[in-house]
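The structure under discussion appears below in the form of structure tokens.
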Amino acid sequence: MPDNLADPAFHANPHPAYASWRREGPTRKVRLASGLEAWLITRYDEARQALTDPRFSKNGGDDNHPSSAIDRALSRHMLAVDPPDHTRLRRLVSAAFTARRIEAMRPRIEAITAELLDAFPSGGAPFDLIDAFAFPLPIQVICELLGIPADDRDAFRAWSNIIVGGVAYRDQFPGAAAAMVGYIQGLLAARRAEPGDDLLSGLIQVRDSGDSLTEDELVSMVFLLLIAGHETTVNLIGNGVYLLLSRRERWERLCAEPALIPAAIEEFLRYESPVETATFRITSEPVTIGDRTIPAHAPVLIGLLSANHDEARFPDAAEVVLDRPQNPHLAFGHGIHYCLGAPLARLEAQIAFTGLTSRYPGLALAAAESDLAWRPGLLLRGLFTLPVTPGQPA
Ligand code: HEM
């Protein structure tokens with residue numbers, strides 16, 4: 001009988017379940033909250049291998065034709081397609097995400113971070129760190145990179161929450177998807193009328209000057225960058241602060257030894273991976289892993305969080321080791337779909353944790369660990385809210 005992943009207790013702490021599944025084998029059948037049965041890959045070596053195996057494809061060897069115009073406009077992005085489309089779409093934006101281009105954004109990211117930290121409520125009252133910091137920082141950055149107004153962020157935060165939230169929001173999904181597509185089409189129309197020096201204008205120019213990008217692909221690309229640009233980084237910051245504050249000695253160590261911040265961020269990525277399972281693959285033919293064969297055309301989830309806790313790969317896998325010397329986690333994926341935004345996410349997190357620890361060394365959790373609510377769904381791992389008190393600013 002496949003395991004049921006709809007249980008909120010699973011999301012509150014999925015680690016014991018993954019650990020026992022890894023012991024049983026590298027792959028198993030699970031039943032998702034939607035009722036769909038899928039195969040889940042649980043161990044590190046098999047997960048890493050699957051991420052580079054073209055038999056785990058995005059369309060199972062068939063051209064997928066989503067039925068509605070809205071679905072089409074959201075599903076023609078690089079993360080939803082195989083080569084050669086994937087190669088073409090990724091190449092169009094990869095220059096904007098190189099480590100050098102991202103490093104050039106440092107002063108602007110530092111300024112946004114400082115502004116948000118300045119605005120923390122004074123007087124010691126509890127506030128939500130997700131709302132005040134972990135969410136607005138990456139959304140502001142990705143909006144500036146794309147060249148779109150950050151004022152609309154609360155609207156697309158709500159839509160995007162529903163779109164990535166899976167079955168928990170099934171009824172609201174069509175409305176949110178339509179609103180998001182309409183919003184992106186409006187942005188494109190505005191930029192077409194008044195081009196600027198931003199990524200959005202650049203993409204519009206590619207679209208309008210040849211046949212290397214369709215209109216659906218353009219809308220999908222903006223959709224992917226907007227969603228991937230903030231739904232994940234908010235959780236890296238939120239999960240990291242949670243891991244630090246829930247064991248005070250970790251927080252104090254990072255405040256005392258800021259040189260550890262880059263290694264600590266890799267450990268947050270490993271331990272509470274913001275992307276819990278990679279996006280769906282479909283087998284294009286039968287694939288044998290260990291003693292089990294996944295049939296052709298089967299949906300497959302690659303368990304990144306589970307792989308990142310594999311005792312066979314990580315010594316003391318169940319411990320948070322802030323200065324872990326080697327950390328080859330799969331939190332950004334692997335292979336052709338390896339996260340395009342990894343340098344940006346790492347830079348944002350470094351600036352965020354440097355700012356938080358230096359400005360608010362007295363930051364403390366303002367809720368019992370058992371009262372923290374984790375978001376439902378298997379795709380993203382993150383907290384809805386993270387109540388904290390600021391302590392005395394430094
Ligand atoms: C792909 C994780 C931040 C853009 C991916 C994948 C993962 C991932 C696991 C591969 C998914 C798969 O193979 O199914 C993360 C994490 C982040 C983060 C953990 C933050 C901590 C970002 C940011 C951007 C971004 C800031 C910037 C826009 C993308 C894009 C892809 C991707 C465009 C698709 C790449 C492709 O298909 O070739 N990300 N991501 N990500 N990510 Fe990120």
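For the structure tokens, the naming scheme is as follows: chains receive sequential letters (A, B, ...) according to their order of presentation, residues are indexed from 1 within each chain, and ligands are indexed from 1 in presentation order.
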
Neighbour list for Leu74 in chain A as JSON, numbers by chain, cut-off 9 Å, only C-alpha atoms, skip fewer than 3 positions in-chain: {"A": [69, 70, 71, 77, 177, 181, 216, 217, 219, 220, 221, 223, 224]}

Same residues, N, CA and C atoms, output as a compact mmCIF listing (two decimals), in the first residue's frame:
```
# COMPACT_ATOMS: atom_id res chain seq x y z
N ALA A 69 -5.66 27.55 -22.19
CA ALA A 69 -4.67 28.57 -22.54
C ALA A 69 -3.88 28.98 -21.30
N ILE A 70 -4.56 29.00 -20.15
CA ILE A 70 -3.87 29.37 -18.90
C ILE A 70 -2.80 28.33 -18.58
N ASP A 71 -3.18 27.04 -18.66
CA ASP A 71 -2.20 25.98 -18.38
C ASP A 71 -1.00 26.11 -19.32
N HIS A 77 7.89 26.65 -19.58
CA HIS A 77 9.17 27.19 -19.11
C HIS A 77 10.23 26.10 -19.07
N ALA A 177 -4.29 30.98 -10.96
CA ALA A 177 -3.49 30.80 -12.18
C ALA A 177 -3.90 31.84 -13.23
N VAL A 181 -1.48 34.81 -14.75
CA VAL A 181 -1.22 34.96 -16.19
C VAL A 181 -1.65 36.36 -16.66
N ASP A 216 3.67 32.08 -25.28
CA ASP A 216 3.46 31.22 -24.10
C ASP A 216 4.76 31.00 -23.35
N GLU A 217 5.85 30.79 -24.10
CA GLU A 217 7.14 30.57 -23.44
C GLU A 217 7.61 31.82 -22.69
N VAL A 219 5.62 34.20 -21.33
CA VAL A 219 4.81 34.32 -20.11
C VAL A 219 5.28 33.29 -19.08
N SER A 220 5.52 32.06 -19.55
CA SER A 220 5.97 30.99 -18.65
C SER A 220 7.31 31.31 -18.01
N MET A 221 8.22 31.89 -18.80
CA MET A 221 9.55 32.22 -18.28
C MET A 221 9.43 33.23 -17.14
N PHE A 223 6.83 33.79 -15.32
CA PHE A 223 6.17 33.08 -14.23
C PHE A 223 7.19 32.26 -13.42
N LEU A 224 8.02 31.48 -14.12
CA LEU A 224 9.01 30.63 -13.43
C LEU A 224 9.98 31.48 -12.62
```

Surrounding residues of Val93 in chain A excluding itself and chain neighbours under 3 positions, 10 Å, only C-alpha atoms, as a PyMOL selection string: chain A and resi 88-90+96-98+199+202-203+221+225+340

Go ahead and dump the residues you just picked, N, CA and C atoms, as a PDB file, in the first residue's frame.
```pdb
ATOM      1  N   ARG A  88      17.444  25.746 -25.280  1.00  0.00           N
ATOM      2  CA  ARG A  88      17.175  27.047 -25.911  1.00  0.00           C
ATOM      3  C   ARG A  88      16.654  28.046 -24.864  1.00  0.00           C
ATOM      4  N   LEU A  89      15.703  27.614 -24.056  1.00  0.00           N
ATOM      5  CA  LEU A  89      15.089  28.544 -23.094  1.00  0.00           C
ATOM      6  C   LEU A  89      16.082  28.950 -22.009  1.00  0.00           C
ATOM      7  N   ARG A  90      16.864  27.988 -21.531  1.00  0.00           N
ATOM      8  CA  ARG A  90      17.813  28.311 -20.458  1.00  0.00           C
ATOM      9  C   ARG A  90      18.887  29.272 -20.955  1.00  0.00           C
ATOM     10  N   ALA A  96      22.153  36.365 -17.482  1.00  0.00           N
ATOM     11  CA  ALA A  96      21.738  37.284 -16.420  1.00  0.00           C
ATOM     12  C   ALA A  96      21.998  36.701 -15.029  1.00  0.00           C
ATOM     13  N   PHE A  97      22.339  35.397 -14.958  1.00  0.00           N
ATOM     14  CA  PHE A  97      22.460  34.737 -13.655  1.00  0.00           C
ATOM     15  C   PHE A  97      23.867  34.218 -13.361  1.00  0.00           C
ATOM     16  N   THR A  98      24.861  34.670 -14.136  1.00  0.00           N
ATOM     17  CA  THR A  98      26.222  34.197 -13.854  1.00  0.00           C
ATOM     18  C   THR A  98      26.676  34.776 -12.506  1.00  0.00           C
ATOM     19  N   LEU A 199      15.621  42.765 -17.500  1.00  0.00           N
ATOM     20  CA  LEU A 199      15.534  41.431 -18.065  1.00  0.00           C
ATOM     21  C   LEU A 199      14.224  41.225 -18.833  1.00  0.00           C
ATOM     22  N   GLY A 202      14.512  42.757 -22.160  1.00  0.00           N
ATOM     23  CA  GLY A 202      15.416  41.936 -22.970  1.00  0.00           C
ATOM     24  C   GLY A 202      14.690  40.727 -23.538  1.00  0.00           C
ATOM     25  N   LEU A 203      13.890  40.073 -22.709  1.00  0.00           N
ATOM     26  CA  LEU A 203      13.156  38.888 -23.167  1.00  0.00           C
ATOM     27  C   LEU A 203      12.099  39.256 -24.209  1.00  0.00           C
ATOM     28  N   MET A 221       8.215  31.889 -18.801  1.00  0.00           N
ATOM     29  CA  MET A 221       9.549  32.219 -18.284  1.00  0.00           C
ATOM     30  C   MET A 221       9.430  33.227 -17.137  1.00  0.00           C
ATOM     31  N   LEU A 225      10.487  32.552 -13.242  1.00  0.00           N
ATOM     32  CA  LEU A 225      11.485  33.358 -12.543  1.00  0.00           C
ATOM     33  C   LEU A 225      10.883  34.019 -11.302  1.00  0.00           C
ATOM     34  N   LEU A 340      19.188  27.635 -11.688  1.00  0.00           N
ATOM     35  CA  LEU A 340      19.806  28.778 -12.348  1.00  0.00           C
ATOM     36  C   LEU A 340      20.072  29.903 -11.351  1.00  0.00           C
TER      37      LEU A 340
END
```

Secondary structure check, alpha helix (DSSP H) residues of range 141-284 of chain A, as an MDAnalysis selection string: chainID A and resid 141:146 153:164 173:193 199:208 215:231 233:245 248:256 261:271

Within-6 Å residues of ligand 1, basis only C-alpha atoms and all ligand atoms, as a ChimeraX atom specification: /A:78-79,90,225,228-229,232-233,236,274-275,278-279,331-333,336-342,344-345

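One finds CA of Gln185 in chain A at 27.2 Å from CA of Ile109 in chain A.
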
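Those residues that approach Glu319 in chain A to within 10 Å, counting only C-alpha atoms, are A:Glu267, A:Tyr271, A:His309, A:Phe314, A:Pro315, A:Asp316, A:Leu322; same-chain residues fewer than 3 positions away are not listed.
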
Write to file, as a PDB file, in the first residue's frame, the residues of the selection just made, with C-alpha atoms.
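Saved to out.pdb:
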```
ATOM      1  CA  GLU A 267      23.925  23.252   6.047  1.00  0.00           C
ATOM      2  CA  TYR A 271      19.046  20.032   6.586  1.00  0.00           C
ATOM      3  CA  HIS A 309      19.801  13.242   4.991  1.00  0.00           C
ATOM      4  CA  PHE A 314      26.659  12.568   5.070  1.00  0.00           C
ATOM      5  CA  PRO A 315      28.440  11.735   8.343  1.00  0.00           C
ATOM      6  CA  ASP A 316      26.157  12.718  11.264  1.00  0.00           C
ATOM      7  CA  LEU A 322      27.267  24.577  11.043  1.00  0.00           C
TER       8      LEU A 322
END
```

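In terms of minimum interatomic distance to Ile237 in chain A, A:Gly355 ranks closest within A:Pro149, A:Gly391, A:Pro84, A:Gly355, counting only C-alpha atoms.
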
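With distances restricted to only C-alpha atoms, A:Asp323 is the closest residue to Glu266 in chain A from A:Glu285, A:Asp171, A:Asp323, A:Glu115.
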
Test item: residues at most 12 Å from Asp7 in chain A, only C-alpha atoms, excluding those fewer than 6 positions along its chain, as a PyMOL selection string: chain A and resi 13-14+17+31-34+168+374-378

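Residue nearest Pro286 in chain A, chosen from A:Arg324, A:Arg28, A:Arg55, A:Arg191 and counting only C-alpha atoms: A:Arg55.
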
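Nearest residue to Thr288 in chain A among A:Thr27, A:Gln172, A:Ser20, A:Ser212 is A:Thr27, counting only C-alpha atoms.
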
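Put simply, CA of Gly240 in chain A is 18.0 Å away from CA of Pro325 in chain A.
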
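For Phe120 in chain A, the non-local neighbours within 10 Å, defined as residues at least 6 positions apart in the same chain or in other chains and counting only C-alpha atoms, are Phe127, Asp128, Leu129, Ala132, Phe133, Tyr360, Thr389, Pro390 and Pro393 of chain A.
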
Can I get the selection written as a short mmCIF file (atom, residue, chain, number, x, y, z; two decimals), in the first residue's frame, with N, CA and C atoms?
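Listed below is the output, selection11.cif:
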```cif
data_model
loop_
_atom_site.label_atom_id
_atom_site.label_comp_id
_atom_site.auth_asym_id
_atom_site.auth_seq_id
_atom_site.Cartn_x
_atom_site.Cartn_y
_atom_site.Cartn_z
N PHE A 127 6.99 39.75 16.27
CA PHE A 127 6.53 39.98 14.90
C PHE A 127 6.92 38.77 14.06
N ASP A 128 6.37 38.73 12.84
CA ASP A 128 6.60 37.56 11.98
C ASP A 128 7.80 37.83 11.07
N LEU A 129 8.85 37.05 11.26
CA LEU A 129 10.07 37.27 10.48
C LEU A 129 9.89 36.94 9.00
N ALA A 132 8.17 40.11 7.62
CA ALA A 132 8.95 41.34 7.72
C ALA A 132 10.29 41.25 6.99
N PHE A 133 10.74 40.03 6.70
CA PHE A 133 12.11 39.93 6.19
C PHE A 133 12.31 38.84 5.14
N TYR A 360 20.84 42.18 15.03
CA TYR A 360 19.88 41.71 16.05
C TYR A 360 20.38 40.45 16.76
N THR A 389 11.07 37.77 18.59
CA THR A 389 11.24 39.08 19.21
C THR A 389 12.63 39.59 18.82
N PRO A 390 12.76 40.91 18.60
CA PRO A 390 14.01 41.41 18.04
C PRO A 390 15.16 41.52 19.03
N PRO A 393 18.72 45.95 19.51
CA PRO A 393 19.58 46.06 18.30
C PRO A 393 21.02 46.40 18.70
#
```
